[in-house]
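Below is one structure, written out as structure tokens; comments come after it.
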Amino acid sequence: MSTSSFLDKTIEGLNSKGFILEYTTDKYNEHNIVIDAKNALEVVQYLNAELGYNFLVDLTGSHYPDKENQEYQVVFHIQNLIENTRLRFKSNLSKNLMEFPSLTPVFSAANWMERETFDFFGIQFIGHPDLRRILNVDDMDYHPMRKEYALEDETRRDKNDTFFGR
Amino acid sequence: MVKVVDAPEGFEGQGFFATSLDTVIGMARANSLWPLPFATSCCGIEFMATMGANYDLARFGSERMSFSPRQADLLIVAGTISKKLGPVLKQVYDQMAEPKWVLSVGACASSGGIFDTYSVLQGIDHVIPVDVYVPGCPPRPEQIIEGVLKIQHLAKNESLRRRDSDEYRKMLETYNIETT
Amino acid sequence: MDSSLLLEKTILVAILTLVTLGIAAYLTYGERKVAAFMQDRIGPNRAGVYGIFQPLADAGKLFFKEEFIPATAEKWLFILGPAVAMVTATITSAVIPWGTELPVLGRMVQLQVADVNIGVLYIMGIVSVGVYGIMIGGWASNNKYSLFGAIRASAQMISYELSMGLALIAVIMMSGTLSLGEIVAQQKGMNWNIFYQPLGFLIFFICALAETNRAPFDLPECETELIGGYHTEYSSMKLGFYLFSEYVNMFVSSALMATVYFGGYNFPGMDLIENQTILGIAQIAVMFSKILIFIFVFMWIRWTLPRFRYDQLMHLGWKSMIPLALFNMLATGAISLFFK
Amino acid sequence: MSELEVNKKYNVQVSTETIDGEIATLNLGPTHPATHGIFQNVLKVDGERILHAEQTVGYIHRAFEKLAERRPYNQITPITDRLNYCSSPINNLGWHMTVEKLIGAEMPKRVDYMRVIVMELSRIADHLVCNSVIGVDTGALTGFTYMFQEREKIYDLFEEICGARLTTNVGRIGGFDRDFSPEFYSKLKTFLKEFPKNFDEFGSLLERNRIFMDRTIGAGPISAERALNYSFAGPNLRAAGVDYDVRVMKPYSSYQDFDFNIPVGTEGDTYDRFMVRQQEIRESLKIIHQALDNMPSGDYYADIPSFYLPPKEEVYRSMEALIYHFKIVMGETPIPVGEVYHSVEGGNGELGYYLVSDGGRNPYRLHFRRPCFIYYQAYPEMIKGSLLSDAILTMSSMNVIAGELDA
């Protein structure tokens, strides 16, 4: 089966289940599919079981403070190694309800990726076995990758910012 | 009858006179600096290269790496130290037996380097006293060897009693390190 | 016992102790140089010419390093550990014959501190005490890594001592004596035991590696797993004693191998030398060169082979070495029964 | 894996039943000699048998992703150096390719081939560290010094290309900053001649060494299904028997022109991982030979003046070059809006860059897919029920690089 027909089959399948909110193929020939956060686990389960998408490439988040009710986004790439097809899924979360189903029932690899995303953005992964901070110290009280936080530690004493052109 | 002359003013006190025992032990210490590599990142790989055949830190009597802090004389901090790791580093320093020296290898250990971020300690001298800083990101093995030679120089010229002195104790107290 | 004999023995003991310690100290240097040679490096060369003062620098530093006894450690046992290791290591060399006799100031001095008629037993006894040094030290440190090292050390030593003893028994059956002096004397010329006991020697050699905690049997202190093993918590000269005792052990077990299997001080054409002084010195030289060759082999192996895993070590000890040693013993017995 | 299976697999008759209070907790790290880099494993052990393990990472978290949001595209290259510092050039060039993909730049064949040479050299360097360190962790220290001599030669080559040894910062967006010098070619040829011999010597120290094989075969195994489920990539996945290689599946930088094999293992144990890396080094040599023999002529940079820095002499002479230079250095060049995911086969597997651009001078969001971070989470599963020594070998054979682990 050629890659494009397999891709069509995937999109059809997802469409028939009503998972796809928006599907675009951009100029880089990458396939972006926007899904609803609450369907995410079913989507992944369906792709894994029916269509053989067996490789979770990557899972991360991003923060768009200017987009109303879509401030946060969970992005994950998923790949079928046999058909060599990679899809990018996105789902938007409002800052009032930052919940996303954990993909750990399907992919063990999602465990730390989700912990990292939680650590950076504070997105809650529902059903995650052990949602703790992973990279930062446990008693950190904010999620550093959000746009409103500074890169530098503002409590540091020894660096004179005027010399660094900030 | 031997007439004992008082020492000239200002030349008294603990840890001042360099006796020949001081010299001998200083030389012994200098030539037998057993390093504890606290290698975290990139500089650690350059430290491995320093131990390797081309640069061979063993020439200076420093090849017996002792990963147990009790047995080490020289703490080589090579790489970024994050805030999460700071307490660990301090504990390792604390566990080392006197006399101990600290070599800070690389920009990250010395000042935070390019990582002026929320998670990185801006220089290990916030946590422990440092004897010699080696610049570079990462420094070449030659530079690391130069740093070790500088430590050797310190070890050679240190009096045996320096570590008992009040100044030393006070210096440690500024780092909140308990002295016994 | 006349007083001159007493004086003679005391001097001999003093010389032997000093020589053993000196050799052990220089073995550390030798090991570094051999390692450097194997690894295309230079090795220590800054302390004195070719770095020959390196052991002195290490010792000087260790003596003046802070004595550290962890608060949770068992203080007296913590001190006792290295002491036991060091003492047992040094007193083994008492029964080893370094030569026949050497005329000194008109006296024929016997080149053996004590020709005990149960020399082999004495050595086995002392060696089995030696493990207590490591065990006590590792346990008293109150550190998990040390404890692991101590457990590994005791299990390893006990299992390998057994096959070591069995290998020796075969030699004893051949020679019919427990005295090391006798055993060496019987191997006059080229009549070395290695030609009769090749398998026994192999077993003994492997066990000697294990007994001295050398690679590939350096599990009790393997750096990459247990940090320092039993001596993780030791600093200063107590650590020095442990490191030192390892090298003394290596020296002594090399001496033992040379004595039991390689004819000790014997060398072909020994009878041609008439002069007793030259003969005595030549015997000592031959003995030491044999020892040094063994030590080099020890180091060669250490810098070449990876180490075993704990369970593999036990498998090797109990499932291969002991049956082999038993077989060797039985074969020796049968052959000596039928052909002698 | 059930407890029964644990016993069967290793053929060691140790009961896994324990009485409470006989289980010890062992801290493997943060400063344990076997954790090359800094991370911690809290092990629950019964004797030497590991019942449970849990890792703590983040000890050298340096906030790469946040840092990348504050830097113009060209200045992100030094950060990528410090991801997997054993093979920095792969990271650098992967990043350049990501940006080139975003701006839609076509590279001349020569740039591709030059990149292939640099990347394969650094792959060799990466695998050399890993394999020699496996040797060190089994107790065979000599191979390490042999292989570091070879690594020094690769460093020499890197120095000839870009002037740096370890954190190379090689190339720039749109090609290389200079052509390979004649010295580089002569040094590379000497290296290609001498290296296989020395490497085989290292191989003969360990590859068929009985003790080494006994130690590594069956240590820390993982099945292909579990490895995929854990999103393993690179040599570790191939050791488990899955022939996934980004160089073949999604060819970048003209990898489709080269003829090479993907070595795979069967058991996914430490020995397989070791051997896969050994074979990959040999395959890399093959690729370098091919790239060297078929090196096309042409420019060593792409024709994208608004992204590729003009030569310094031009800047002094021509107005246009000066303007471009200024705009590139100040980060004023227009970057298309969009998002790309690009991945390269790093030393440890699929190294991905997920880049979101809003047209500004800095990336809006840059996420690194760090293979170490992803596969290290399988460590407890791999060592459960094995002995402490196996755990250490498993860790070093997974080649966990702290810089890549924690970002």
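Chain lettering (A, B, ...) mirrors the order of the structure tokens, residue numbering begins at 1 for each chain separately, and ligand numbering begins at 1 in order of display.
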
Compile the contact shell of range 298-311 of chain C as a ChimeraX atom specification: residues with an atom at most 8 Å away, counting only C-alpha atoms, same-chain residues fewer than 4 positions apart removed.
/C:31,34-35,38,152,209,214-219,294,315 /D:12,135,138-142,205,211-212,215,389

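The chain A residues that come within 7 Å of chain D are Asn54, Phe55, Leu56, Val57, Asp58, Ser62, Asn84, Phe107, Ser108, Ala109, Trp112, Ile134, Leu135, Asn136, Met145 and Leu151 of chain A, with only C-alpha atoms taken into account.
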
Could you tell me, as a ChimeraX atom specification, which residues of range 4-241 of chain D DSSP assigns to alpha helix (DSSP H) when given the backbone?
/D:4-10,64-68,77-81,88-103,109-138,142-162,182-206,210-216,224-229,235-239

Quick one: residues within 6 Å of range 32-48 of chain A, only C-alpha atoms, excluding same-chain residues fewer than 5 positions away - as an mmCIF file with N, CA and C atoms, in the first residue's frame?
data_model
loop_
_atom_site.group_PDB
_atom_site.id
_atom_site.type_symbol
_atom_site.label_atom_id
_atom_site.label_comp_id
_atom_site.auth_asym_id
_atom_site.auth_seq_id
_atom_site.Cartn_x
_atom_site.Cartn_y
_atom_site.Cartn_z
ATOM 1 N N ILE A 20 -11.949 14.094 13.819
ATOM 2 C CA ILE A 20 -11.175 15.189 13.249
ATOM 3 C C ILE A 20 -11.964 16.489 13.308
ATOM 4 N N LEU A 21 -11.364 17.472 13.943
ATOM 5 C CA LEU A 21 -11.969 18.799 13.940
ATOM 6 C C LEU A 21 -11.468 19.594 12.744
ATOM 7 N N GLU A 22 -10.211 19.349 12.412
ATOM 8 C CA GLU A 22 -9.617 20.115 11.331
ATOM 9 C C GLU A 22 -8.441 19.310 10.806
ATOM 10 N N TYR A 23 -8.355 19.202 9.481
ATOM 11 C CA TYR A 23 -7.224 18.450 8.927
ATOM 12 C C TYR A 23 -6.567 19.281 7.856
ATOM 13 N N THR A 24 -5.271 19.494 7.981
ATOM 14 C CA THR A 24 -4.533 20.239 6.958
ATOM 15 C C THR A 24 -3.229 19.532 6.646
ATOM 16 N N TYR A 53 -0.475 2.241 14.175
ATOM 17 C CA TYR A 53 0.426 3.342 14.539
ATOM 18 C C TYR A 53 1.062 2.984 15.874
ATOM 19 N N ASN A 54 2.284 2.490 15.811
ATOM 20 C CA ASN A 54 2.850 1.882 17.016
ATOM 21 C C ASN A 54 3.981 2.670 17.630
ATOM 22 N N ARG A 88 0.614 14.526 12.911
ATOM 23 C CA ARG A 88 0.750 15.413 14.054
ATOM 24 C C ARG A 88 -0.640 15.748 14.570
ATOM 25 N N PHE A 89 -0.860 15.478 15.812
ATOM 26 C CA PHE A 89 -2.148 15.770 16.423
ATOM 27 C C PHE A 89 -1.999 16.952 17.362
ATOM 28 N N LYS A 90 -3.017 17.776 17.335
ATOM 29 C CA LYS A 90 -2.992 18.914 18.250
ATOM 30 C C LYS A 90 -4.344 18.969 18.912
ATOM 31 N N SER A 91 -4.347 19.381 20.145
ATOM 32 C CA SER A 91 -5.648 19.719 20.692
ATOM 33 C C SER A 91 -5.487 20.894 21.622
ATOM 34 N N PHE A 100 -6.065 16.799 29.925
ATOM 35 C CA PHE A 100 -5.836 16.021 28.722
ATOM 36 C C PHE A 100 -5.724 14.566 29.151
ATOM 37 N N LEU A 103 -1.939 9.290 27.696
ATOM 38 C CA LEU A 103 -1.797 8.260 26.666
ATOM 39 C C LEU A 103 -1.043 7.038 27.191
#

For range 48-62 of chain B, work out the shell of residues within 8 Å, counting only C-alpha atoms and skipping chain neighbours fewer than 3 positions away, then give it as a ChimeraX atom specification.
/B:31-35,44-45,65,141-142,144-145 /C:39-47,54 /D:144-146,148-149,152

Could you list, as a PyMOL selection string, every residue of chain B that has an atom within 7 Å of an atom of chain A, counting only C-alpha atoms?
chain B and resi 84+116-118

Tell me as a ChimeraX atom specification which residues belonging to chain C come within 10 Å of chain B, counting only C-alpha atoms.
/C:29,32-33,36,39-48,50-51,53-70,223-224,226-229,231-237,239-240
